[in-house]
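**Student:** Supplied in structure tokens, the structure appears directly below.
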Amino acid sequence: MAKFVYKMQGILNIKLKLEDQAKSEFSAAMAALTAEEDKLAELTVRRSRYERRAKELMSGTIDPVQLRENKHAIDVMKTMIRSQMVQVQIARKNMEIARRKLADVMVERKAQETLRDKAFEQFKLDLAAEEAKEIDGLVSYTYGAKDEEE
């Protein structure tokens with residue numbers, strides 16, 4: 001029996017490797033986004049603590065030095081939060097680029113697999129036609145041999 005050999009299997013293999021690579025890049029981009037979002041959340045929690053501390057300082061005896069230091073810490077946290085928001089946006093854009101690349105590579109791989117499936121279907125049709133031709137030849141030979149015997 002004939003064996004199916006897809007002529008463009010090398011291309012399909014390359015597409016599969018590219019898809020694996022794109023999946024890895026997407027995963028790394030997602031991890032980077034998560035890390036940046038975690039940093040932002042931590043900075044927000046720290047700012048909340050400083051703001052609570054400011055309320056505590058205002059309710060007790062007022063120490064201008066501590067108030068000034070606390071206000072400065074809150075201002076620094078606000079600046080760091082704004083900077084971290086920019087980093088989160090950059091990470092989000094990078095993740096979106098990686099997602100699009102992965103989607104494109106997956107489309108290309110699926111197209112190659114569709115071509116392979118069509119080639120396999122054609123191979124099966126050709127094989128069936130070849131077998132039918134052989135059977136017709138055998139039947140004709142057998143029928144012809146019976147006529148000669150009679």
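Naming works like this for the structure tokens: A, B, ... for the chains as they're shown, residue 1 at the start of each chain, ligands 1 onward in shown order.
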Would you list the contacts of Glu25 (chain A) as a list in words, taking every protein, DNA or RNA residue within 9 Å and counting only C-alpha atoms, but skipping same-chain residues closer than 3 positions in sequence?

**Tutor:**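 Close residues of Glu25 (chain A): Asp20, Gln21, Ala22, Ala28, Ala29, Met30, Met95, Ala98, Arg99 and Leu102 of chain A.
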
**Student:** For the atom pair CA of Leu43 (chain A) and CA of Met80 (chain A), what is the interatomic distance in Å to one decimal place?

**Tutor:**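 Atom-to-atom, CA of Leu43 (chain A) and CA of Met80 (chain A) are spaced 7.4 Å apart.
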
**Student:** Within 7 Å of region 107-130 of chain A, which residues of region 5-83 of chain A show up? Give each one with its shortest atom-to-atom distance in Å (one decimal) and the two atoms involved, counting only C-alpha atoms, rows by chain then rising residue number, as a tab-separated table.

**Tutor:**
residue	atom	partner	partner_atom	distance
A:Tyr6	CA	A:Arg116	CA	6.5
A:Leu12	CA	A:Gln112	CA	5.9
A:Lys15	CA	A:Arg109	CA	5.3
A:Leu16	CA	A:Arg109	CA	6.5

**Student:** Any idea what the distance is between CA of Thr34 (chain A) and CA of Val86 (chain A)?

**Tutor:** 13.9 Å

**Student:** Which is closest to Ala31 (chain A) among A:Lys7, A:Lys71, A:Arg92, A:Arg46, if we use only C-alpha atoms?

**Tutor:** A:Arg92

**Student:** Name the closest residue to Ile90 (chain A) among the candidates A:Ile74, A:Ala32, A:Met58, A:Ile135; distances are taken between atoms, counting only C-alpha atoms.

**Tutor:** A:Ala32
